[in-house]
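J.: One file: query38.cif (mmCIF, N, CA and C atoms).
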```cif
data_start
#
loop_
_atom_site.label_atom_id
_atom_site.label_comp_id
_atom_site.auth_asym_id
_atom_site.auth_seq_id
_atom_site.Cartn_x
_atom_site.Cartn_y
_atom_site.Cartn_z
N MET A 7 10.08 -29.75 -3.12
CA MET A 7 9.48 -28.55 -3.67
C MET A 7 10.56 -27.51 -3.88
N GLY A 8 11.17 -26.94 -2.85
CA GLY A 8 12.32 -26.07 -2.99
C GLY A 8 12.17 -24.85 -3.87
N ARG A 9 11.07 -24.65 -4.51
CA ARG A 9 10.89 -23.53 -5.42
C ARG A 9 10.07 -22.45 -4.73
N PHE A 10 10.53 -21.23 -4.84
CA PHE A 10 9.83 -20.09 -4.26
C PHE A 10 9.24 -19.23 -5.36
N MET A 11 7.99 -18.87 -5.19
CA MET A 11 7.35 -17.95 -6.12
C MET A 11 7.79 -16.53 -5.75
N LYS A 12 8.23 -15.77 -6.71
CA LYS A 12 8.59 -14.38 -6.46
C LYS A 12 7.33 -13.59 -6.10
N VAL A 13 7.50 -12.63 -5.21
CA VAL A 13 6.39 -11.76 -4.81
C VAL A 13 6.72 -10.35 -5.30
N VAL A 14 5.79 -9.77 -6.03
CA VAL A 14 6.02 -8.51 -6.72
C VAL A 14 5.03 -7.44 -6.24
N TYR A 15 5.53 -6.25 -6.03
CA TYR A 15 4.75 -5.09 -5.58
C TYR A 15 4.51 -4.17 -6.77
N ILE A 16 3.29 -3.69 -6.92
CA ILE A 16 2.96 -2.75 -8.00
C ILE A 16 3.02 -1.32 -7.46
N ALA A 17 3.80 -0.46 -8.10
CA ALA A 17 3.92 0.94 -7.71
C ALA A 17 3.37 1.84 -8.81
N GLY A 18 2.48 2.74 -8.41
CA GLY A 18 1.92 3.68 -9.38
C GLY A 18 0.93 4.60 -8.69
N PRO A 19 0.47 5.59 -9.40
CA PRO A 19 -0.45 6.57 -8.81
C PRO A 19 -1.75 5.91 -8.33
N TYR A 20 -2.24 6.37 -7.20
CA TYR A 20 -3.57 5.98 -6.70
C TYR A 20 -4.46 7.22 -6.62
N ARG A 21 -4.03 8.20 -5.84
CA ARG A 21 -4.85 9.39 -5.62
C ARG A 21 -5.02 10.18 -6.91
N ALA A 22 -6.14 10.91 -6.96
CA ALA A 22 -6.43 11.75 -8.13
C ALA A 22 -7.42 12.83 -7.71
N ASN A 23 -7.77 13.69 -8.64
CA ASN A 23 -8.69 14.80 -8.37
C ASN A 23 -10.14 14.37 -8.22
N GLY A 24 -10.47 13.16 -8.63
CA GLY A 24 -11.85 12.70 -8.50
C GLY A 24 -11.90 11.19 -8.43
N GLU A 25 -13.03 10.66 -8.01
CA GLU A 25 -13.19 9.22 -7.86
C GLU A 25 -13.01 8.47 -9.18
N TYR A 26 -13.47 9.06 -10.27
CA TYR A 26 -13.31 8.38 -11.56
C TYR A 26 -11.83 8.23 -11.91
N GLN A 27 -11.06 9.27 -11.66
CA GLN A 27 -9.61 9.19 -11.92
C GLN A 27 -8.94 8.18 -10.99
N VAL A 28 -9.39 8.11 -9.74
CA VAL A 28 -8.87 7.09 -8.83
C VAL A 28 -9.17 5.70 -9.41
N LEU A 29 -10.38 5.51 -9.87
CA LEU A 29 -10.76 4.23 -10.47
C LEU A 29 -9.86 3.89 -11.66
N LEU A 30 -9.57 4.87 -12.51
CA LEU A 30 -8.68 4.63 -13.65
C LEU A 30 -7.29 4.24 -13.18
N ASN A 31 -6.80 4.88 -12.13
CA ASN A 31 -5.48 4.53 -11.58
C ASN A 31 -5.49 3.09 -11.06
N ILE A 32 -6.57 2.71 -10.38
CA ILE A 32 -6.69 1.35 -9.88
C ILE A 32 -6.69 0.36 -11.05
N ARG A 33 -7.43 0.67 -12.08
CA ARG A 33 -7.52 -0.23 -13.24
C ARG A 33 -6.16 -0.40 -13.93
N ARG A 34 -5.40 0.69 -14.04
CA ARG A 34 -4.06 0.59 -14.67
C ARG A 34 -3.16 -0.34 -13.85
N ALA A 35 -3.19 -0.17 -12.53
CA ALA A 35 -2.38 -1.03 -11.66
C ALA A 35 -2.86 -2.47 -11.72
N GLU A 36 -4.16 -2.64 -11.77
CA GLU A 36 -4.77 -3.97 -11.84
C GLU A 36 -4.31 -4.71 -13.11
N GLU A 37 -4.23 -4.01 -14.22
CA GLU A 37 -3.78 -4.63 -15.47
C GLU A 37 -2.36 -5.17 -15.34
N ILE A 38 -1.49 -4.37 -14.71
CA ILE A 38 -0.10 -4.81 -14.51
C ILE A 38 -0.07 -5.98 -13.54
N ALA A 39 -0.87 -5.92 -12.48
CA ALA A 39 -0.91 -7.01 -11.50
C ALA A 39 -1.32 -8.32 -12.17
N LEU A 40 -2.30 -8.28 -13.03
CA LEU A 40 -2.74 -9.49 -13.73
C LEU A 40 -1.61 -10.04 -14.61
N ARG A 41 -0.90 -9.17 -15.26
CA ARG A 41 0.23 -9.60 -16.09
C ARG A 41 1.30 -10.27 -15.24
N VAL A 42 1.54 -9.73 -14.04
CA VAL A 42 2.53 -10.33 -13.13
C VAL A 42 2.09 -11.74 -12.77
N TRP A 43 0.83 -11.90 -12.35
CA TRP A 43 0.32 -13.23 -12.00
C TRP A 43 0.45 -14.19 -13.18
N LYS A 44 0.09 -13.72 -14.38
CA LYS A 44 0.16 -14.58 -15.57
C LYS A 44 1.60 -14.96 -15.91
N SER A 45 2.55 -14.15 -15.46
CA SER A 45 3.96 -14.43 -15.71
C SER A 45 4.53 -15.47 -14.75
N GLY A 46 3.76 -15.81 -13.72
CA GLY A 46 4.21 -16.84 -12.78
C GLY A 46 4.70 -16.34 -11.45
N ALA A 47 4.49 -15.07 -11.15
CA ALA A 47 4.87 -14.52 -9.85
C ALA A 47 3.61 -14.14 -9.08
N ALA A 48 3.72 -14.10 -7.77
CA ALA A 48 2.62 -13.60 -6.94
C ALA A 48 2.70 -12.08 -6.94
N CYS A 49 1.58 -11.43 -6.71
CA CYS A 49 1.57 -9.98 -6.81
C CYS A 49 0.74 -9.34 -5.71
N ILE A 50 1.26 -8.26 -5.15
CA ILE A 50 0.48 -7.42 -4.26
C ILE A 50 0.25 -6.10 -4.99
N CYS A 51 -1.00 -5.77 -5.13
CA CYS A 51 -1.38 -4.52 -5.79
C CYS A 51 -2.06 -3.65 -4.74
N PRO A 52 -1.33 -2.72 -4.12
CA PRO A 52 -1.90 -1.92 -3.05
C PRO A 52 -3.14 -1.14 -3.48
N HIS A 53 -3.22 -0.84 -4.75
CA HIS A 53 -4.38 -0.14 -5.29
C HIS A 53 -5.66 -0.93 -5.05
N LYS A 54 -5.56 -2.24 -5.18
CA LYS A 54 -6.71 -3.12 -4.98
C LYS A 54 -6.88 -3.48 -3.51
N ASN A 55 -5.78 -3.56 -2.81
CA ASN A 55 -5.79 -3.99 -1.42
C ASN A 55 -6.60 -3.05 -0.53
N THR A 56 -6.51 -1.74 -0.81
CA THR A 56 -7.22 -0.76 0.02
C THR A 56 -8.07 0.18 -0.84
N ALA A 57 -8.55 -0.33 -1.96
CA ALA A 57 -9.35 0.49 -2.87
C ALA A 57 -10.53 1.13 -2.16
N PHE A 58 -10.63 2.42 -2.28
CA PHE A 58 -11.73 3.23 -1.76
C PHE A 58 -11.88 3.15 -0.24
N PHE A 59 -10.77 2.88 0.45
CA PHE A 59 -10.79 2.91 1.92
C PHE A 59 -10.61 4.32 2.46
N GLY A 60 -10.37 5.29 1.57
CA GLY A 60 -10.12 6.67 1.99
C GLY A 60 -11.13 7.16 3.01
N GLY A 61 -10.63 7.72 4.11
CA GLY A 61 -11.49 8.24 5.16
C GLY A 61 -11.81 7.24 6.25
N ALA A 62 -11.59 5.94 6.00
CA ALA A 62 -11.88 4.92 7.01
C ALA A 62 -10.84 4.92 8.13
N ALA A 63 -9.66 5.39 7.82
CA ALA A 63 -8.56 5.54 8.79
C ALA A 63 -7.66 6.63 8.25
N ASP A 64 -6.73 7.04 9.05
CA ASP A 64 -5.77 8.05 8.62
C ASP A 64 -4.96 7.51 7.43
N ASP A 65 -4.69 8.35 6.44
CA ASP A 65 -3.92 7.93 5.26
C ASP A 65 -2.58 7.29 5.64
N ALA A 66 -2.00 7.72 6.74
CA ALA A 66 -0.70 7.17 7.15
C ALA A 66 -0.77 5.67 7.35
N VAL A 67 -1.92 5.16 7.77
CA VAL A 67 -2.08 3.72 7.97
C VAL A 67 -1.84 2.98 6.67
N TRP A 68 -2.47 3.45 5.60
CA TRP A 68 -2.32 2.78 4.31
C TRP A 68 -0.89 2.94 3.78
N LEU A 69 -0.37 4.14 3.90
CA LEU A 69 0.96 4.42 3.35
C LEU A 69 2.04 3.63 4.08
N GLU A 70 1.99 3.61 5.41
CA GLU A 70 2.99 2.85 6.19
C GLU A 70 2.83 1.35 5.95
N GLY A 71 1.59 0.90 5.87
CA GLY A 71 1.35 -0.52 5.60
C GLY A 71 1.88 -0.94 4.25
N ASP A 72 1.66 -0.10 3.24
CA ASP A 72 2.17 -0.41 1.90
C ASP A 72 3.68 -0.53 1.91
N LEU A 73 4.36 0.36 2.61
CA LEU A 73 5.83 0.31 2.66
C LEU A 73 6.30 -0.95 3.37
N GLU A 74 5.60 -1.36 4.42
CA GLU A 74 5.96 -2.60 5.11
C GLU A 74 5.79 -3.80 4.19
N ILE A 75 4.71 -3.83 3.44
CA ILE A 75 4.49 -4.92 2.48
C ILE A 75 5.58 -4.90 1.41
N LEU A 76 5.90 -3.72 0.91
CA LEU A 76 6.92 -3.59 -0.13
C LEU A 76 8.25 -4.21 0.33
N LEU A 77 8.63 -3.97 1.57
CA LEU A 77 9.91 -4.48 2.09
C LEU A 77 9.96 -6.00 2.12
N ARG A 78 8.83 -6.64 2.03
CA ARG A 78 8.77 -8.10 2.06
C ARG A 78 8.69 -8.70 0.67
N CYS A 79 8.77 -7.85 -0.35
CA CYS A 79 8.65 -8.29 -1.75
C CYS A 79 10.02 -8.52 -2.38
N ASP A 80 10.00 -9.27 -3.45
CA ASP A 80 11.22 -9.58 -4.20
C ASP A 80 11.52 -8.56 -5.29
N ALA A 81 10.49 -7.84 -5.74
CA ALA A 81 10.68 -6.88 -6.83
C ALA A 81 9.51 -5.90 -6.85
N VAL A 82 9.72 -4.81 -7.57
CA VAL A 82 8.68 -3.80 -7.78
C VAL A 82 8.53 -3.62 -9.29
N VAL A 83 7.27 -3.62 -9.74
CA VAL A 83 6.97 -3.29 -11.13
C VAL A 83 6.17 -2.00 -11.11
N CYS A 84 6.61 -1.04 -11.91
CA CYS A 84 5.99 0.28 -11.94
C CYS A 84 4.94 0.40 -13.04
N VAL A 85 3.86 1.07 -12.69
CA VAL A 85 2.83 1.42 -13.65
C VAL A 85 3.34 2.61 -14.46
N GLU A 86 2.94 2.69 -15.71
CA GLU A 86 3.31 3.85 -16.52
C GLU A 86 2.96 5.13 -15.76
N ASN A 87 3.79 6.13 -15.86
CA ASN A 87 3.64 7.42 -15.18
C ASN A 87 3.76 7.33 -13.66
N TRP A 88 4.41 6.29 -13.17
CA TRP A 88 4.59 6.13 -11.73
C TRP A 88 5.29 7.34 -11.11
N HIS A 89 6.18 7.94 -11.87
CA HIS A 89 6.98 9.06 -11.35
C HIS A 89 6.15 10.32 -11.09
N THR A 90 4.88 10.34 -11.51
CA THR A 90 4.01 11.49 -11.22
C THR A 90 3.35 11.37 -9.85
N SER A 91 3.56 10.25 -9.19
CA SER A 91 2.96 9.99 -7.88
C SER A 91 4.01 10.11 -6.79
N ARG A 92 3.79 11.00 -5.85
CA ARG A 92 4.72 11.16 -4.73
C ARG A 92 4.87 9.85 -3.96
N GLY A 93 3.75 9.14 -3.77
CA GLY A 93 3.79 7.86 -3.06
C GLY A 93 4.61 6.82 -3.80
N ALA A 94 4.40 6.70 -5.11
CA ALA A 94 5.14 5.72 -5.90
C ALA A 94 6.62 6.06 -5.95
N VAL A 95 6.94 7.35 -6.02
CA VAL A 95 8.35 7.77 -6.01
C VAL A 95 8.99 7.33 -4.69
N GLY A 96 8.28 7.50 -3.59
CA GLY A 96 8.79 7.06 -2.29
C GLY A 96 8.95 5.55 -2.22
N GLU A 97 8.00 4.82 -2.80
CA GLU A 97 8.08 3.36 -2.81
C GLU A 97 9.29 2.89 -3.60
N VAL A 98 9.48 3.47 -4.77
CA VAL A 98 10.62 3.10 -5.61
C VAL A 98 11.93 3.44 -4.90
N SER A 99 11.98 4.59 -4.28
CA SER A 99 13.18 4.99 -3.54
C SER A 99 13.48 4.00 -2.41
N MET A 100 12.44 3.61 -1.67
CA MET A 100 12.63 2.66 -0.58
C MET A 100 13.08 1.30 -1.11
N ALA A 101 12.48 0.87 -2.20
CA ALA A 101 12.89 -0.41 -2.78
C ALA A 101 14.36 -0.37 -3.17
N ARG A 102 14.75 0.66 -3.86
CA ARG A 102 16.15 0.76 -4.30
C ARG A 102 17.11 0.84 -3.11
N ALA A 103 16.72 1.56 -2.07
CA ALA A 103 17.56 1.67 -0.87
C ALA A 103 17.71 0.32 -0.17
N ASN A 104 16.78 -0.57 -0.41
CA ASN A 104 16.81 -1.90 0.22
C ASN A 104 17.16 -3.01 -0.77
N ASN A 105 17.76 -2.60 -1.89
CA ASN A 105 18.24 -3.55 -2.91
C ASN A 105 17.15 -4.46 -3.46
N ILE A 106 15.94 -3.93 -3.55
CA ILE A 106 14.84 -4.65 -4.17
C ILE A 106 14.78 -4.19 -5.63
N PRO A 107 14.88 -5.10 -6.58
CA PRO A 107 14.86 -4.68 -7.99
C PRO A 107 13.57 -3.93 -8.35
N VAL A 108 13.75 -2.88 -9.14
CA VAL A 108 12.63 -2.06 -9.61
C VAL A 108 12.61 -2.12 -11.13
N PHE A 109 11.43 -2.38 -11.68
CA PHE A 109 11.30 -2.50 -13.13
C PHE A 109 10.29 -1.47 -13.63
N GLU A 110 10.77 -0.64 -14.56
CA GLU A 110 9.90 0.38 -15.16
C GLU A 110 9.28 -0.11 -16.46
N SER A 111 9.75 -1.25 -16.94
CA SER A 111 9.12 -1.85 -18.12
C SER A 111 8.80 -3.30 -17.80
N PHE A 112 7.69 -3.76 -18.32
CA PHE A 112 7.27 -5.12 -18.04
C PHE A 112 8.22 -6.13 -18.69
N GLU A 113 8.79 -5.76 -19.81
CA GLU A 113 9.72 -6.65 -20.49
C GLU A 113 10.95 -6.89 -19.63
N GLU A 114 11.46 -5.84 -18.98
CA GLU A 114 12.60 -6.00 -18.07
C GLU A 114 12.24 -6.94 -16.93
N PHE A 115 11.05 -6.77 -16.38
CA PHE A 115 10.61 -7.64 -15.29
C PHE A 115 10.54 -9.09 -15.75
N GLU A 116 9.95 -9.34 -16.91
CA GLU A 116 9.83 -10.71 -17.41
C GLU A 116 11.20 -11.35 -17.62
N ARG A 117 12.15 -10.57 -18.12
CA ARG A 117 13.51 -11.09 -18.32
C ARG A 117 14.12 -11.46 -16.97
N TRP A 118 13.99 -10.58 -15.98
CA TRP A 118 14.50 -10.86 -14.63
C TRP A 118 13.86 -12.12 -14.06
N LEU A 119 12.56 -12.24 -14.22
CA LEU A 119 11.84 -13.39 -13.68
C LEU A 119 12.33 -14.69 -14.33
N ARG A 120 12.52 -14.67 -15.63
CA ARG A 120 13.02 -15.86 -16.34
C ARG A 120 14.43 -16.24 -15.89
N GLU A 121 15.25 -15.22 -15.61
CA GLU A 121 16.66 -15.47 -15.27
C GLU A 121 16.88 -15.68 -13.78
N SER A 122 15.86 -15.49 -12.95
CA SER A 122 16.00 -15.67 -11.51
C SER A 122 16.15 -17.14 -11.17
N PRO A 123 17.00 -17.42 -10.18
CA PRO A 123 17.14 -18.81 -9.76
C PRO A 123 15.81 -19.34 -9.21
N ASP A 124 15.59 -20.64 -9.35
CA ASP A 124 14.35 -21.26 -8.89
C ASP A 124 14.22 -21.29 -7.38
N THR A 125 15.33 -21.25 -6.67
CA THR A 125 15.25 -21.32 -5.21
C THR A 125 15.97 -20.15 -4.59
N GLY A 126 15.53 -19.81 -3.41
CA GLY A 126 16.20 -18.77 -2.64
C GLY A 126 15.93 -17.37 -3.12
N GLY A 127 16.35 -17.01 -4.28
CA GLY A 127 16.18 -15.78 -5.00
C GLY A 127 16.11 -14.47 -4.29
N GLY A 128 15.00 -14.08 -3.73
CA GLY A 128 14.85 -12.72 -3.22
C GLY A 128 14.50 -12.67 -1.76
N GLN A 129 13.96 -11.54 -1.36
CA GLN A 129 13.64 -11.27 0.03
C GLN A 129 12.76 -12.36 0.64
N SER A 130 11.69 -12.74 -0.04
CA SER A 130 10.74 -13.67 0.56
C SER A 130 11.29 -15.10 0.60
N GLY A 131 12.31 -15.38 -0.18
CA GLY A 131 12.85 -16.72 -0.20
C GLY A 131 14.06 -16.91 0.69
N SER A 132 14.51 -15.85 1.31
CA SER A 132 15.73 -15.93 2.13
C SER A 132 15.45 -16.50 3.49
#
```
Translate the structure of the given file into structure tokens.
T.:
Amino acid sequence: MGRFMKVVYIAGPYRANGEYQVLLNIRRAEEIALRVWKSGAACICPHKNTAFFGGAADDAVWLEGDLEILLRCDAVVCVENWHTSRGAVGEVSMARANNIPVFESFEEFERWLRESPDTGGGQSGS
């Protein structure tokens, strides 16, 4: 077998001024997540992972957990307007500080995925 599937983290806005806007943020991230899966990589979409959990625990639980998951990923793909989210900016900063590739365009991500070695490759394959 020897082949490792890349694991990709989706970074983008979640919080918003109302539930409908939160839903739209989730849907935008979900669209990118589906594209990642269709490209042949596994994907963690934190927007879907804890959708509408607000108030069930302290926000720090979700935020710290997301960062821990991110550190175990091979790459980050950003949702359009990711830079408007304080959380996504922090995620991208952490990824870059840990030499995890960050892609602001899906085309860049697809090129990286095509050119990645079949074995070993990133964090999860080491």
J.: Any chance you could work out the residue set of the PyMOL selection byres (((chain A and resi 118 and name CA) around 12) and name CA) here, as JSON, numbers by chain?
T.: {"A": [12, 14, 45, 47, 80, 81, 82, 83, 107, 108, 109, 111, 112, 113, 114, 115, 116, 117, 119, 120, 121, 122, 123, 124, 127, 128]}
J.: Quick one: everything within 6.5 Å of stretch 93-102 of chain A, counting all atoms listed in the file, minus sequence neighbours fewer than 4 positions away in the same chain. Send it as a count of residues only.
T.: 8
J.: Can you list every residue in stretch 10-110 of chain A that DSSP puts in strand (DSSP E or B), as a ChimeraX atom specification?
T.: /A:13-17,48-50,81-84,108-109
J.: What separation in Å, quoted to one decimal, exists between atom CA of A:Leu30 and atom CA of A:Met11?
T.: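 Result for atom CA of A:Leu30 versus atom CA of A:Met11: 28.7 Å, one decimal.
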J.: Tell me, in Å to one decimal, how far atom C of A:Asn87 is from atom C of A:Ala39.
T.: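 That distance, rounded to one decimal, is 16.5 Å.
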J.: Which of these residues is nearest to A:Ser91, using all atoms listed in the file: A:Lys54, A:Leu29, A:Tyr20, A:Phe10?
T.: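 Smallest distance to A:Ser91 is found for A:Tyr20.
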J.: Would you work out the distance separating atom C of A:Trp68 from atom N of A:Ile50, expressed in Å to one decimal?
T.: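 These atoms are spaced 14.5 Å apart.
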J.: For this file, the PyMOL selection byres ((chain A and resi 52) around 7) selects which residues, as a list in words?
T.: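 For this structure, the PyMOL selection byres ((chain A and resi 52) around 7) captures Tyr15, Ile16, Ala17, Ile50, Cys51, His53, Lys54, Asn55, Thr56, Ala57 and Asp72 of chain A.
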J.: Quick one: DSSP alpha helix (DSSP H) residues in chain A, as a ChimeraX atom specification?
T.: /A:25-45,52-55,65-77,92-103,112-121
J.: Could you tell me which of A:Val13, A:Glu110, A:Arg34, A:Glu70 comes closest to A:Ala48 if we count only N, CA and C atoms?
T.: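 Ranked by minimum distance to A:Ala48, first place goes to A:Val13.
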